[in-house]
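File shown here: data.cif, holding mmCIF, C-alpha atoms.
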```
data_entry
#
loop_
_atom_site.label_atom_id
_atom_site.label_comp_id
_atom_site.auth_asym_id
_atom_site.auth_seq_id
_atom_site.Cartn_x
_atom_site.Cartn_y
_atom_site.Cartn_z
CA MET A 290 205.71 200.69 72.47
CA LEU A 291 205.94 197.01 73.43
CA VAL A 292 206.41 195.75 76.97
CA VAL A 293 206.56 192.23 78.42
CA ARG A 294 204.84 191.91 81.80
CA PRO A 295 203.09 189.28 83.96
CA ALA A 296 199.67 188.18 82.74
CA GLU A 297 196.68 189.40 84.74
CA LEU A 298 193.19 187.97 84.99
CA ASP A 299 191.93 191.00 83.05
CA ASP A 300 194.00 189.72 80.10
CA LEU A 301 192.02 186.47 79.88
CA ASP A 302 189.73 187.34 76.98
CA ASP A 303 192.45 188.94 74.85
CA LEU A 304 194.97 186.21 75.61
CA PHE A 305 192.53 183.42 74.83
CA GLU A 306 191.66 185.09 71.53
CA LEU A 307 195.37 185.37 70.71
CA ILE A 308 196.25 181.73 71.36
CA GLN A 309 193.45 180.58 69.08
CA LEU A 310 195.83 181.59 66.29
CA SER A 311 198.47 179.12 67.48
CA GLU A 312 199.12 175.98 65.47
CA LEU A 313 199.09 172.31 66.34
CA GLY A 314 202.18 171.15 68.18
CA LEU A 315 202.13 174.10 70.59
CA SER A 316 200.48 171.83 73.13
CA THR A 317 200.60 174.09 76.19
CA LEU A 318 198.55 176.68 74.29
CA LYS A 319 195.86 174.24 73.13
CA ILE A 320 193.78 174.64 76.27
CA SER A 321 190.25 175.68 77.16
CA LYS A 322 189.40 179.13 78.42
CA PRO A 323 188.69 177.86 81.97
CA ARG A 324 192.08 176.10 82.01
CA LEU A 325 193.78 179.27 80.78
CA GLU A 326 192.07 181.21 83.55
CA GLU A 327 193.38 178.70 86.09
CA ARG A 328 196.90 179.03 84.71
CA ILE A 329 196.79 182.83 84.86
CA ASP A 330 195.44 182.66 88.41
CA GLU A 331 198.27 180.32 89.43
CA SER A 332 200.73 182.70 87.80
CA VAL A 333 199.32 185.75 89.57
CA ARG A 334 199.72 183.95 92.91
CA ALA A 335 203.28 182.92 92.00
CA PHE A 336 204.28 186.49 91.17
CA SER A 337 202.65 187.79 94.35
CA LYS A 338 204.85 185.68 96.66
CA THR A 339 207.89 187.53 97.91
CA ASP A 340 209.75 184.28 98.55
CA ALA A 341 209.04 181.20 96.44
CA ARG A 342 210.78 177.93 95.64
CA PRO A 343 210.36 175.95 92.41
CA ALA A 344 207.30 173.77 92.83
CA GLY A 345 205.85 173.63 89.33
CA GLN A 346 204.11 176.99 89.42
CA PRO A 347 203.76 178.82 86.08
CA TYR A 348 204.98 182.34 85.47
CA VAL A 349 202.90 183.55 82.54
CA PHE A 350 203.98 186.64 80.60
CA VAL A 351 202.22 188.70 77.97
CA MET A 352 203.56 191.19 75.47
CA GLU A 353 201.40 194.30 75.34
CA ASP A 354 201.33 196.93 72.63
CA LEU A 355 200.85 199.97 74.85
CA ALA A 356 199.81 202.20 71.95
CA ARG A 357 196.99 199.86 70.95
CA HIS A 358 196.21 198.47 74.42
CA SER A 359 196.32 194.96 72.97
CA ILE A 360 197.94 191.65 73.90
CA VAL A 361 200.17 190.55 71.01
CA GLY A 362 202.27 187.74 72.50
CA THR A 363 202.71 185.35 75.39
CA SER A 364 205.37 183.12 76.94
CA ALA A 365 205.87 181.27 80.20
CA ILE A 366 208.31 179.73 82.65
CA TYR A 367 207.32 176.55 84.50
CA SER A 368 209.47 176.54 87.63
CA LYS A 369 209.78 172.74 87.73
CA VAL A 370 208.64 169.75 85.70
CA GLY A 371 207.68 166.52 87.39
CA GLY A 372 206.35 166.35 90.92
CA PHE A 373 202.66 165.70 91.35
CA GLN A 374 202.44 164.78 87.67
CA PRO A 375 205.57 163.13 86.24
CA PHE A 376 207.29 164.53 83.19
CA TYR A 377 207.62 162.05 80.31
CA SER A 378 209.98 162.01 77.37
CA TYR A 379 211.76 159.51 75.17
CA GLU A 380 215.48 159.09 75.62
CA ILE A 381 217.37 157.93 72.55
CA LYS A 382 219.75 155.15 73.52
CA ASN A 383 221.84 152.60 71.64
CA GLU A 384 222.11 148.86 72.08
CA SER A 385 225.14 146.97 70.79
CA LYS A 386 224.53 143.82 68.75
CA ARG A 387 227.42 141.60 67.70
CA SER A 388 227.83 138.25 66.03
CA GLY A 389 231.33 136.91 65.48
CA SER A 390 230.07 133.99 63.40
CA ILE A 391 228.83 136.24 60.60
CA GLY A 392 230.98 139.29 61.35
CA VAL A 393 228.18 141.69 62.29
CA ALA A 394 228.59 144.53 64.80
CA LYS A 395 225.85 147.14 64.99
CA GLU A 396 224.56 149.90 67.26
CA ILE A 397 220.76 149.83 67.25
CA PRO A 398 219.10 153.08 68.39
CA TYR A 399 215.95 152.78 70.46
CA LEU A 400 213.48 154.97 72.35
CA SER A 401 213.28 154.45 76.10
CA LEU A 402 210.41 156.04 78.06
CA HIS A 403 211.96 158.41 80.61
CA THR A 404 210.03 159.54 83.68
CA THR A 405 211.07 162.54 85.78
CA HIS A 406 209.57 163.39 89.17
CA ASP A 407 212.08 166.04 90.28
CA GLY A 408 212.90 167.81 87.08
CA PRO A 409 214.33 171.10 85.81
CA THR A 410 212.72 174.43 85.03
CA GLU A 411 211.01 174.58 81.65
CA ILE A 412 210.34 177.51 79.33
CA GLY A 413 207.48 177.24 76.88
CA SER A 414 204.07 178.48 75.73
CA LEU A 415 205.61 181.10 73.47
CA PHE A 416 203.42 182.60 70.79
CA LEU A 417 203.63 185.92 68.97
CA SER A 418 200.89 187.43 66.83
CA PRO A 419 201.78 187.04 63.14
CA ASP A 420 201.34 190.81 62.78
CA TYR A 421 204.33 191.39 65.07
CA LEU A 422 206.87 188.99 63.57
CA GLY A 423 210.24 190.61 62.95
CA GLY A 424 211.81 193.68 64.44
CA GLY A 425 213.23 191.81 67.43
CA HIS A 426 209.78 191.34 68.96
CA GLY A 427 210.08 187.55 69.22
CA ARG A 428 213.54 187.90 70.73
CA LEU A 429 212.17 190.29 73.39
CA LEU A 430 209.29 187.93 74.16
CA SER A 431 211.57 184.91 74.54
CA LEU A 432 214.66 186.36 76.22
CA SER A 433 212.80 188.52 78.74
CA ARG A 434 212.09 185.32 80.69
CA PHE A 435 215.80 184.75 81.30
CA LEU A 436 216.28 188.20 82.80
CA PHE A 437 213.45 187.47 85.22
CA MET A 438 215.21 184.23 86.15
CA ALA A 439 218.43 186.17 86.70
CA ASP A 440 216.70 188.58 89.10
CA PHE A 441 214.85 185.87 91.04
CA PRO A 442 217.09 182.78 90.83
CA SER A 443 215.75 181.01 93.94
CA ARG A 444 212.43 180.47 92.13
CA PHE A 445 214.01 178.23 89.50
CA GLU A 446 216.06 175.06 89.16
CA ARG A 447 219.72 174.76 88.26
CA GLU A 448 218.86 173.41 84.81
CA THR A 449 216.42 174.82 82.27
CA ILE A 450 214.89 172.94 79.34
CA ALA A 451 212.64 173.70 76.41
CA GLU A 452 210.63 171.17 74.41
CA MET A 453 210.80 172.22 70.79
CA ARG A 454 207.83 171.65 68.51
CA GLY A 455 208.31 168.61 66.35
CA VAL A 456 207.06 167.81 62.87
CA VAL A 457 203.26 168.04 62.73
CA ARG A 458 201.31 168.97 59.61
CA SER A 459 198.68 171.72 59.63
CA ASP A 460 195.95 169.06 59.38
CA GLY A 461 197.15 167.43 62.62
CA TYR A 462 199.09 164.55 61.10
CA SER A 463 202.19 163.60 63.08
CA PRO A 464 204.41 160.90 61.50
CA LEU A 465 205.75 159.67 64.85
CA TRP A 466 202.36 159.70 66.53
CA ASN A 467 200.80 157.86 63.62
CA ALA A 468 203.51 155.18 63.78
CA LEU A 469 203.66 154.81 67.55
CA GLY A 470 201.32 156.56 69.98
CA SER A 471 198.15 156.18 67.94
CA HIS A 472 198.29 152.39 68.30
CA PHE A 473 198.03 152.67 72.09
CA PHE A 474 195.75 155.72 72.50
CA GLN A 475 193.52 155.04 69.47
CA ILE A 476 192.81 158.75 69.09
CA GLU A 477 194.13 161.43 66.74
CA TYR A 478 197.15 163.52 67.61
CA PRO A 479 195.29 166.80 68.39
CA ARG A 480 192.99 165.01 70.84
CA ALA A 481 195.88 163.24 72.57
CA GLU A 482 197.75 166.54 72.82
CA THR A 483 194.82 168.11 74.68
CA LEU A 484 194.03 165.17 76.95
CA THR A 485 197.58 164.58 78.15
CA LEU A 486 198.05 168.27 78.88
CA GLU A 487 195.23 168.01 81.41
CA SER A 488 196.49 164.75 82.93
CA LYS A 489 199.75 162.86 82.48
CA LYS A 490 198.11 159.74 83.92
CA LEU A 491 197.16 158.56 80.44
CA ILE A 492 200.79 158.44 79.37
CA GLY A 493 201.78 156.12 82.21
CA GLU A 494 198.73 153.94 81.60
CA LEU A 495 198.93 153.59 77.81
CA MET A 496 202.40 154.32 76.44
CA PRO A 497 204.64 151.25 76.08
CA GLN A 498 207.22 150.75 78.82
CA HIS A 499 209.49 148.57 76.70
CA PRO A 500 212.18 149.88 74.31
CA ILE A 501 211.01 150.97 70.86
CA TYR A 502 213.64 150.04 68.26
CA ILE A 503 213.81 152.97 65.87
CA PRO A 504 214.72 150.93 62.74
CA LEU A 505 211.41 149.05 63.13
CA LEU A 506 209.40 152.26 62.74
CA PRO A 507 208.27 153.49 59.31
CA LYS A 508 210.87 155.57 57.51
CA GLU A 509 208.83 158.79 57.74
CA ALA A 510 208.62 158.36 61.52
CA GLN A 511 212.35 157.68 61.83
CA GLU A 512 213.14 160.84 59.88
CA VAL A 513 211.27 163.22 62.22
CA ILE A 514 212.76 161.97 65.51
CA GLY A 515 214.77 164.85 66.93
CA GLN A 516 213.65 167.26 64.18
CA VAL A 517 211.86 170.57 64.73
CA HIS A 518 208.92 172.02 62.84
CA GLU A 519 210.06 174.31 60.04
CA LYS A 520 208.53 177.31 61.83
CA THR A 521 210.40 176.42 65.02
CA VAL A 522 213.86 176.58 63.45
CA PRO A 523 214.35 180.30 64.38
CA ALA A 524 213.33 179.61 68.00
CA LEU A 525 215.77 176.70 68.21
CA ARG A 526 218.56 178.82 66.74
CA LEU A 527 217.85 181.60 69.27
CA LEU A 528 218.06 179.20 72.21
CA GLN A 529 221.26 177.68 70.86
CA GLN A 530 222.74 181.17 70.74
CA GLU A 531 221.80 181.48 74.41
CA GLY A 532 223.74 178.33 75.27
CA PHE A 533 221.09 175.59 74.97
CA SER A 534 222.07 172.32 73.35
CA ILE A 535 220.20 169.30 72.03
CA GLN A 536 220.62 166.13 74.05
CA ASN A 537 219.16 162.67 73.53
CA PHE A 538 215.61 163.45 74.68
CA VAL A 539 212.60 163.91 72.42
CA ASP A 540 208.89 164.48 72.83
CA ILE A 541 206.90 161.25 73.10
CA PHE A 542 204.23 162.46 70.70
CA ASP A 543 205.83 164.41 67.84
CA GLY A 544 209.51 163.55 68.38
CA GLY A 545 210.65 167.17 68.72
CA PRO A 546 213.97 167.60 70.56
CA THR A 547 214.39 168.89 74.11
CA VAL A 548 217.16 171.46 74.57
CA HIS A 549 219.01 171.90 77.87
CA CYS A 550 221.19 174.51 79.55
CA GLU A 551 222.50 175.10 83.05
CA THR A 552 220.43 178.08 84.17
CA ARG A 553 223.33 180.22 85.31
CA SER A 554 225.06 179.57 81.93
CA ILE A 555 222.24 180.99 79.80
CA ARG A 556 223.78 183.99 78.05
CA CYS A 557 221.12 186.46 79.19
CA VAL A 558 221.57 185.29 82.77
CA ARG A 559 225.35 185.04 82.68
CA ASP A 560 226.12 188.26 80.80
CA SER A 561 223.38 190.55 82.12
CA CYS A 562 224.35 193.44 84.40
CA THR A 563 222.61 195.58 86.99
CA ALA A 564 223.02 199.29 87.63
CA ILE A 565 221.25 202.26 89.22
CA VAL A 566 219.38 204.77 87.07
CA THR A 567 220.75 208.21 87.96
CA ASP A 568 219.88 210.14 84.83
CA LEU A 569 216.76 210.37 82.66
CA ARG A 570 217.07 212.08 79.28
CA ASP A 571 215.09 212.57 76.11
CA GLN A 572 217.82 210.67 74.29
CA VAL A 573 220.85 208.67 75.39
CA GLN A 574 223.95 207.63 73.50
CA GLY A 575 223.95 204.03 74.62
CA SER A 576 223.22 200.91 72.62
CA SER A 577 219.89 199.09 72.35
CA GLN A 578 219.46 196.52 75.12
CA LEU A 579 216.93 194.28 76.80
CA VAL A 580 216.09 196.21 79.97
CA THR A 581 214.04 195.16 83.01
CA ASN A 582 212.85 196.89 86.18
CA ARG A 583 214.00 194.01 88.47
CA GLN A 584 210.67 193.91 90.29
CA LEU A 585 208.00 191.23 90.76
CA GLN A 586 205.70 193.70 88.99
CA TYR A 587 207.99 192.76 86.14
CA ARG A 588 208.44 194.77 82.98
CA CYS A 589 210.93 194.22 80.16
CA VAL A 590 211.46 196.35 77.05
CA ILE A 591 214.00 197.06 74.36
CA GLY A 592 215.62 200.37 75.25
CA ASN A 593 218.84 202.35 75.15
CA VAL A 594 221.21 202.29 78.12
CA GLU A 595 224.16 204.64 78.51
CA GLU A 596 226.66 203.40 81.05
CA LEU A 597 228.16 206.02 83.32
CA SER A 598 230.70 205.52 86.09
CA GLY A 599 230.28 204.19 89.62
CA GLY A 600 227.52 201.67 88.92
CA ARG A 601 225.25 204.26 87.29
CA VAL A 602 223.42 204.43 83.98
CA ALA A 603 221.29 206.86 82.02
CA ILE A 604 218.17 205.78 80.14
CA ASP A 605 215.71 207.69 78.02
CA ASN A 606 212.40 208.94 79.37
CA LEU A 607 210.32 206.65 77.16
CA THR A 608 212.13 203.55 78.40
CA ALA A 609 211.65 204.72 81.99
CA LEU A 610 207.95 205.28 81.33
CA ARG A 611 207.44 201.82 79.87
CA LEU A 612 209.36 200.23 82.77
CA GLU A 613 207.55 202.40 85.33
CA LEU A 614 210.92 203.48 86.75
CA LYS A 615 212.12 206.54 88.60
CA LEU A 616 215.54 207.91 89.47
CA GLY A 617 217.37 205.68 91.93
CA ASP A 618 215.74 202.45 90.73
CA SER A 619 217.82 199.47 89.60
CA ILE A 620 217.70 197.91 86.15
CA ARG A 621 219.09 194.74 84.62
CA PHE A 622 220.20 194.88 81.01
CA VAL A 623 221.87 192.75 78.35
CA THR A 624 222.47 192.95 74.61
CA LEU A 625 219.70 191.70 72.34
CA ARG A 626 222.09 189.35 70.57
CA PRO A 627 225.30 187.61 71.54
CA PRO A 628 228.30 189.77 70.62
CA ALA A 629 230.40 188.66 67.67
CA SER A 630 233.47 188.93 69.87
CA PRO A 631 233.89 187.37 73.34
CA PRO A 632 231.59 188.88 76.02
CA ARG A 633 232.90 192.12 77.46
CA THR A 634 234.43 192.41 80.89
CA PRO A 635 231.87 194.29 83.03
CA THR A 636 232.87 197.89 83.70
CA GLU A 637 232.62 199.62 87.05
CA SER A 638 229.17 200.85 85.99
CA CYS A 639 227.87 197.33 85.58
CA GLU A 640 227.37 194.67 88.24
CA PRO A 641 227.54 191.19 86.60
CA PHE A 642 225.37 188.24 87.55
CA GLN A 643 226.91 186.46 90.51
CA ASN A 644 224.07 184.62 92.26
CA PRO A 645 224.97 180.98 93.09
CA ALA A 646 221.37 179.96 93.79
CA ILE A 647 220.95 178.57 90.27
#
```

Is it possible to give me this structure as C-alpha cells?
Amino acid sequence: MLVVRPAELDDLDDLFELIQLSELGLSTLKISKPRLEERIDESVRAFSKTDARPAGQPYVFVMEDLARHSIVGTSAIYSKVGGFQPFYSYEIKNESKRSGSIGVAKEIPYLSLHTTHDGPTEIGSLFLSPDYLGGGHGRLLSLSRFLFMADFPSRFERETIAEMRGVVRSDGYSPLWNALGSHFFQIEYPRAETLTLESKKLIGELMPQHPIYIPLLPKEAQEVIGQVHEKTVPALRLLQQEGFSIQNFVDIFDGGPTVHCETRSIRCVRDSCTAIVTDLRDQVQGSSQLVTNRQLQYRCVIGNVEELSGGRVAIDNLTALRLELKLGDSIRFVTLRPPASPPRTPTESCEPFQNPAI
C-alpha cells in the first residue's frame, strides 16, 4: 500500500526523522528542520501553481505507507540549477603536452571549475527507509518523478541531470576533499557540505579558479574522481537504464559523477502512455506498471493496467483507491523496467508522449 505524492507541511516531523537516517554524501538531505520546512513550503507553492516555468523551485515528493500512515521515502525534482545561486561542478578536460626534442607527447587531465547560471533540471534528494529496500520500492520512488515531468513538461528544462554520490567514508572522510577542498575551506567535509548547501557564495570565494592537474593529486584522490559510492551503484544503474549517461562533470567536493539526459528522451517520459479509465474491477489481467493520476495533486503507485480498445484501460479497485481516481479519469503508465526487446509500438488504447515543450 505504497503511494508517492507531494510532500505537505504536515509531513515535516516524519520526514525530518526519516532523513536523519541518511548518510554523508547525500548533501541535499543534510539540512536543518527549519530549512526542510522552507523547502516543503516552496514545494507546496510550486505544486499549487496551475502554470509554472522552471525557476529553481523544488518539487518534493514523499513515499507513504498507507497501511501504517508513515513516511518511508523521499525524492525531489529541482526545476532548474543556477540562477540566483550559480551551480558549480568540475569539468574534466585534457591538455596536450608535446616535446619533439625528447619525443614526449602526453594528454594531461585536469579539473576546471565550471559555473552554470542557466542550467538544467536536476533530480535528487532521494532516500528510502532501509526497512523498505527491495520489492521495486526504490524504483517507484525514483521513476515516479519522470512521469510527473511527462505530465507537466513546461515546468522543467530540456535537459535533466543527477549528481551521484561520490566516495565518502561513513566517518566523513572524502579522499578528494581531503586532497583539494580542505586546503581552501579549512573545515571538514561534513561541515563544508552543510555550509555550501545553504549558500554557494563560499564556493566562488574559496575554491581555486585555476586548473587542477589530476596527476598532481594524491593517488587515492585520483582514483575516486568520477566514481560513485558503493551504495549508489544501483541508483546509477537505474538512471543509465532510463537513458542517462556519464559526461565529464564531477562534484567539486567528493568527485561523484554527474549524469545527463535530454528530458524527453528519458525512458519513462518517452515510453509512457496515457489513457482513460473506463472500467474498475477487483482484478485485471494487465501487467504491473507505474501508474499516475496525471494531476497536480499527484499520486503514483505500482498497479496493474489492462489495455482495452479506443484509448481505454481497466484498472483494479485498489489501484484506483490509492490514486484517488474515478471512472473517466486519465492515467499515465509505463513499465517498471525497460523491456528486454525494443519498446512496443503504442496501441490504439495508448496515447504516447508527444509534448515538444521539453

Measuring atom to atom with only C-alpha atoms, identify which of A:Val361, A:Val590, A:Leu291, A:Cys557 is nearest to Glu306 (chain A). A:Val361

Give me the residues near Asp340 (chain A) as a ChimeraX atom specification, where near means some atom within 12 Å (using only C-alpha atoms) and where sequence neighbours in that chain fewer than 5 positions away do not count. /A:334-335,441-445,585

Hey, what comes out of the PyMOL selection byres ((chain A and resi 449) around 8) on this file? Could you write it as a compact mmCIF listing (two decimals) with C-alpha atoms, keeping the file's coordinate frame?
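selection_23.txt was written with the following content:
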```txt
# COMPACT_ATOMS: atom_id res chain seq x y z
CA PRO A 409 214.33 171.10 85.81
CA THR A 410 212.72 174.43 85.03
CA GLU A 411 211.01 174.58 81.65
CA ILE A 412 210.34 177.51 79.33
CA GLU A 446 216.06 175.06 89.16
CA ARG A 447 219.72 174.76 88.26
CA GLU A 448 218.86 173.41 84.81
CA ILE A 450 214.89 172.94 79.34
CA ALA A 451 212.64 173.70 76.41
CA HIS A 549 219.01 171.90 77.87
CA CYS A 550 221.19 174.51 79.55
CA GLU A 551 222.50 175.10 83.05
CA THR A 552 220.43 178.08 84.17
```

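Distance check against Thr567 (chain A) using all atoms listed in the file: of A:Asp299, A:Asp543, A:Glu380, A:Asp605, the minimum falls on A:Asp605.
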
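Distance annotation: of A:Leu402, A:Leu506, A:Leu318, A:Val522, the residue with the minimal separation from Tyr377 (chain A) is A:Leu402; atom set is all atoms listed in the file.
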
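One distance worth recording is that between CA of Tyr348 (chain A) and CA of Ser459 (chain A), which is 28.6 Å.
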
Selected residue of minimal separation from Ile397 (chain A) among A:Glu519, A:Ile329, A:Gln584, A:Tyr502, counting only C-alpha atoms: A:Tyr502
